[in-house]
Amino acid sequence: MTSPRRTATRRGRPLWMFLPGGVLTLLVIIVPLVLALYISLLDLDQYSIREWVGAEFIGFENYVEAVRDSNLVHAIGISIGYSALVTVGCLPIGLAAAIATQDRFKGRALVRSILLVPYVLPAFVVGSTWRIIFQPDGVANGLLGTSGLWLNGPRSFWALVIVALWSGWPLVYLLAAAGLQSVDATVHEAAALDGAGWWAKLRHVVLPQLRGPVSLALVISFLHNVNSFTLPFVLFGVPSPYDVEVLPVLTYVESFQNFEFGLSVAMAVVSLILVAIPMAVYLRAVRLDTGRGLR
Amino acid sequence: MNRRSFAVLASALLLGSTLTACGSDEGSDSGDNSGVTLTMLMGVNNIYPEQQRAWFTEVSDKFKQETGASVRFETFASANDELTKIQTSVVSGQGPDVYALGTTFTPTAYATGAFVELTKDDWDKVGGRDRFLPATLGISGPDQEHEVGIPFASRPFVMAYNKDLLTAAGIDKPADSWDALRDQAKQLTKDGTYGLAIGYADGFDPWKFIWAMTIQAGTPVVKDGKAALDGPNTKTAYQNYLGWLATDKVVDPAAVGWKNAQAIAAFGDGKAAFLPMVSASSKVTLDKSKVAGKYAYAVMPTIPPGATSLPAGGVGATSILSGDNVVVAKYSKHKDLALALVKLMTSEQMQTSYYKTFGELPTNQAAATALGSDPALAAIVESAGKSENTPFTGAWGQVQLELTNVVVQSIPDLSAGRVDDGKLTGLLGQAQTKAQQALDKAK
């Protein structure tokens with residue numbers, strides 16, 4: 001650990017430039033994180049919040065309660081399940097859109113802007129709109145010829161997947177489009193000279209170059225969905241229907257409806273670990289954490 | 001580092017930056033108050049936003065005249081906003097001096113121990129405890145010696161009914177028992193019109209129905225720290241409430257997705273004969289709707305499901321004790337001024353003008369008596385007098401959530417036109433366990 005740092009200093013790298021970011025990170029991430037870890041070990045509730053420092057230290061009891069008595073495990077399943085589905089679903093839609101808008105055509109700029117609309121709409125607006133669409137006598141049932149519930153019961157899970165997919169795929173599109181731009185024109189020419197058809201070109205030239213940006217998009221999309229609070233909250237309200245009881249909403253309810261702050265923070269810590277896993281996998285995959293750039 | 005010093009260090013780090021910014025808040029209540037500014041936190045009024053701003057100015061001006069100090073009003077948009085503000089203020093020991101809280105939230109606020117418990121002397125400073133309607137004091141504290149909430153506004157729940165539809169069906173007045181109301185509703189359900197408009201997907205309405213029916217049956221959902229969510233009367237209440245849509249078919253099937261506002265809209269459209277569980281604030285919407293001039297308010301039934309008269313031990317509650325209480329923060333450096341502000345806000349004159357502007361009933365005895373003679377208000381005033389307080393426990397928020405959750409998880413069945421007995425029993429069992437756990441933790 002120490003050797004690259006020493007090397008860097010010796011080479012006169014301006015490490016002080018890290019200071020503004022470092023101080024901010026300390027204040028807005030590390031201090032609250034340490035506090036959260038500490039609070040997750042306290043019996044902190046509405047009765048003790050005023051003098052929270054004096055709240056009873058109960059070790060890992062909040063974690064035990066979260067796993068044993070609450071719907072935490074179920075919520076983790078729902079959160080991961082829908083996030084994975086949405087992430088996988090975003091991939092073909094986003095890629096296809098990026099490839100379709102790669103070559104110039106009249107009105108391309110407009111189309112590209114329109115494609116981003118779902119992504120830039122606030123989750124609150126997306127949720128409210130889809131809430132209306134999914135009413136029992138709403139547009140969804142009218143168009144699909146179905147009847148009954150979308151916002152509660154087994155179908156609500158698919159409602160969540162559909163809405164998250166609708167608002168999430170442009171991220172993949174955006175990063176894939178950016179990746180496509182960076183593919184050197186000479187590569188295309190070379191492939192064309194070698195007689196590659198469009199499919200061969202796509203399969204062997206374009207897609208390999210997109211691996212980096214697209215996998216970044218997928219990781220971001222997955223993490224975003226695991227952490228997404230506003231969308232399920234606005235779509236389904238609280239208490240959550242059982243089939244869409246996602247982790248952030250469960251955590252929220254424990255804090256702001258039940259005032260079980262200790263328990264809620266323990267759940268938040270669990271979800272932090274949960275999102276850290278794909279993050280770590282990704283970082284390893286792209287080797288951002290090995291300091292390769294120094295060599 | 002031991003636990004305490006670690007925590008102190010951590011909170012010092014966290015609060016250090018904010019504290020310095022607010023260090024100039026010192027002041028004294030005696031003598032010259034000019035330059036002192038009180039802060040009061042209140043819910044934003046979405047129905048009358050301009051009037052609310054005007055009211056803020058009016059109070060502020062009057063207060064300045066009387067005391068020399070000024071008031072700054074802050075508003076919160078939702079219960080979550082309010083809670084976040086209270087939490088941060090309570091932890092940091094700074095923030096608004098005075099808060100207006102919903103009645104059912106008062107026990108939770110009391111549980112934090114962050115608000116001034118009113119002594120006889122304090123009550124005198126707001127004009128005396130006997131200036132208020134006795135019924136509105138029901139949720140000010142766990143007992144008379146430990147009161148924190150000063151009643152400020154009263155919003156009892158009543159039931160709106162469509163006079164034309166009832167007359168056409170030959171019904172002269174809404175029933176006083178839930179069973180008879182259901183029968184009337186059946187009679188009124190025809191040609192795309194339904195007997196009842198119910199917001200099954202509302203986050204708050206469902207528990208109020210269950211609470212009312214169980215207290216009327218003599219088995220309140222919480223009594224003396226014990227939950228009774230799995231008792232037979234609670235189950236009957238749920239079967240009755242869910243049955244309206246599922247089996248009696250007297251509610252529009254689309255109501256499985258309705259919140260309170262959509263139920264009001266359906267009634268306003270003339271699509272339902274009865275609209276239970278609304279407050280006087282629904283008047284604004286209804287007076288602009290198709291049923292303007294064709295509807296009236298009545299108290300909701302007080303005889304529980306399955307009965308024809310109030311059973312022994314039953315309480316004929318027409319509504320939860322609903323409205324706003326005002327509390328003063330313990331950390332306030334201007335307690336006397338804060339009490340003077342409350343005195344001003346609860347004076348007969350201000351309460352009457354508040355009612356005239358916002359439609360919320362006065363808690364001031366004299367102002368309420370003066371209003372009682374208005375026939376249009378008769379049902380609402382009657383309901384105010386027959387409102388019962390929800391249990392005064394810091395765990396009430398959790399109990400309330402569990403009560404609502406049973407309805408949320410029953411909605412798929414409801415939509416399929418059934419009330420599954422086994423599933424309902426299971427849900428009530430879980431709700432009972434969680435509610436009792438919360439009550440056991442109450443301190």
# chains A, B, ... in the order shown; residues from 1 in each chain; ligands from 1
$ interface_residues --of "chain B" --to "chain A" --cutoff "7 Å" --atoms "only C-alpha atoms" --output "list in words"
Arg4, Ala7, Ala10, Asn80, Val90, Val91, Thr108, Ala111, Thr112, Ala114, Gly203, Ala254, Gly257, Gly397, Gln398, Leu401, Asn405, Val408, Gln409, Ile411, Pro412, Ser415 and Lys443 of chain B
$ select_by_dssp --residues "range 4-167 of chain A" --states "helix (DSSP H, G or I)" --output "JSON, numbers by chain"
{"A": [4, 5, 6, 7, 8, 9, 10, 15, 16, 17, 18, 19, 20, 21, 22, 23, 24, 25, 26, 27, 28, 29, 30, 31, 32, 33, 34, 35, 36, 37, 38, 39, 52, 53, 54, 61, 62, 63, 64, 65, 66, 67, 68, 72, 73, 74, 75, 76, 77, 78, 79, 80, 81, 82, 83, 84, 85, 86, 87, 88, 89, 90, 91, 92, 93, 94, 95, 96, 97, 98, 99, 100, 108, 109, 110, 111, 112, 113, 114, 115, 117, 118, 119, 120, 123, 124, 125, 126, 127, 128, 129, 130, 131, 132, 133, 139, 140, 141, 142, 143, 144, 155, 156, 157, 158, 159, 160, 161, 162, 163, 164, 165, 166, 167]}
$ residues_around --residues "Ala435 in chain B" --least-positions-apart "3" --cutoff "7 Å" --atoms "only C-alpha atoms" --output "VMD selection string"
chain B and resid 227 398 to 399 402 431 to 432 438 to 439
$ write_last_selection --atoms "N, CA and C atoms" --output "PDB file, in the first residue's frame"
ATOM      1  N   ALA B 227     -52.589  -4.569  23.293  1.00  0.00           N
ATOM      2  CA  ALA B 227     -53.197  -4.519  21.968  1.00  0.00           C
ATOM      3  C   ALA B 227     -54.277  -5.590  21.867  1.00  0.00           C
ATOM      4  N   GLN B 398     -47.121   3.209  15.390  1.00  0.00           N
ATOM      5  CA  GLN B 398     -46.886   1.842  14.911  1.00  0.00           C
ATOM      6  C   GLN B 398     -48.190   1.045  14.834  1.00  0.00           C
ATOM      7  N   VAL B 399     -49.036   1.222  15.871  1.00  0.00           N
ATOM      8  CA  VAL B 399     -50.315   0.506  15.893  1.00  0.00           C
ATOM      9  C   VAL B 399     -51.150   0.921  14.679  1.00  0.00           C
ATOM     10  N   GLU B 402     -49.922  -0.697  11.574  1.00  0.00           N
ATOM     11  CA  GLU B 402     -50.289  -2.117  11.499  1.00  0.00           C
ATOM     12  C   GLU B 402     -51.764  -2.265  11.111  1.00  0.00           C
ATOM     13  N   ALA B 431     -50.253  -8.465  12.917  1.00  0.00           N
ATOM     14  CA  ALA B 431     -50.429  -7.072  13.336  1.00  0.00           C
ATOM     15  C   ALA B 431     -50.447  -6.981  14.858  1.00  0.00           C
ATOM     16  N   GLN B 432     -51.125  -7.939  15.480  1.00  0.00           N
ATOM     17  CA  GLN B 432     -51.200  -7.972  16.936  1.00  0.00           C
ATOM     18  C   GLN B 432     -49.793  -8.088  17.534  1.00  0.00           C
ATOM     19  N   ALA B 438     -44.470  -3.051  19.927  1.00  0.00           N
ATOM     20  CA  ALA B 438     -44.279  -1.605  19.993  1.00  0.00           C
ATOM     21  C   ALA B 438     -44.761  -1.059  21.334  1.00  0.00           C
ATOM     22  N   LEU B 439     -45.907  -1.577  21.801  1.00  0.00           N
ATOM     23  CA  LEU B 439     -46.449  -1.098  23.075  1.00  0.00           C
ATOM     24  C   LEU B 439     -45.532  -1.491  24.234  1.00  0.00           C
TER      25      LEU B 439
END
$ residues_around --residues "Met42 in chain B" --least-positions-apart "2" --cutoff "12 Å" --atoms "only C-alpha atoms" --output "MDAnalysis selection string"
chainID B and resid 39:40 44:45 52:53 56 72:79 81:83 85:86 96:102 152:153 324:327
$ residues_around --residues "Val214 in chain A" --least-positions-apart "5" --cutoff "10 Å" --atoms "only C-alpha atoms" --output "ChimeraX atom specification"
/A:91,94-95,171-179,207,209,219-220
$ atom_distance --atom1 "CA of Ala376 in chain B" --atom2 "CA of Ala160 in chain B"
11.9 Å
$ atom_distance --atom1 "CA of Val116 in chain B" --atom2 "CA of Lys330 in chain B"
5.0 Å
$ residues_around --residues "Ala268 in chain A" --least-positions-apart "2" --cutoff "12 Å" --atoms "only C-alpha atoms" --output "count of residues only"
33
$ residues_around --residues "Thr87 in chain A" --least-positions-apart "6" --cutoff "6 Å" --atoms "only C-alpha atoms" --output "list in words"
Leu218, Ser221 and Phe222 of chain A
$ closest_atom_pairs --of "range 257-329 of chain B" --to "range 168-188 of chain B" --cutoff "6 Å" --atoms "only C-alpha atoms" --output "Markdown table"
| residue | atom | partner | partner_atom | distance |
| --- | --- | --- | --- | --- |
| B:Pro301 | CA | B:Asp176 | CA | 4.2 |
| B:Thr302 | CA | B:Ser177 | CA | 5.9 |
| B:Ile303 | CA | B:Ser177 | CA | 4.4 |
| B:Pro304 | CA | B:Trp178 | CA | 6.0 |
| B:Pro305 | CA | B:Trp178 | CA | 5.3 |
$ write_last_selection --atoms "N, CA and C atoms" --output "compact mmCIF listing (two decimals), in the first residue's frame"
# COMPACT_ATOMS: atom_id res chain seq x y z
N PRO B 301 -72.20 6.46 11.79
CA PRO B 301 -72.88 5.57 12.73
C PRO B 301 -72.05 5.35 14.00
N THR B 302 -72.75 5.19 15.12
CA THR B 302 -72.04 4.96 16.37
C THR B 302 -72.36 3.58 16.95
N ILE B 303 -73.19 2.81 16.22
CA ILE B 303 -73.51 1.46 16.70
C ILE B 303 -72.70 0.46 15.88
N PRO B 304 -71.89 -0.37 16.55
CA PRO B 304 -70.90 -1.20 15.85
C PRO B 304 -71.55 -2.26 14.97
N PRO B 305 -70.78 -2.81 14.02
CA PRO B 305 -71.30 -3.85 13.13
C PRO B 305 -71.86 -5.02 13.94
$ select_by_dssp --residues "range 163-330 of chain B" --states "strand (DSSP E or B)" --output "PyMOL selection string"
chain B and resi 177+190+193-196+222-223+226-227+251+272-278+295-298+303+319-320+323-329
$ closest_residue --among "B:Tyr241, B:Tyr297, B:Tyr161, B:Trp258" --to "Gly199 in chain B" --atoms "only C-alpha atoms"
B:Trp258
$ atom_distance --atom1 "CA of Leu160 in chain A" --atom2 "CA of Ser128 in chain A"
12.7 Å
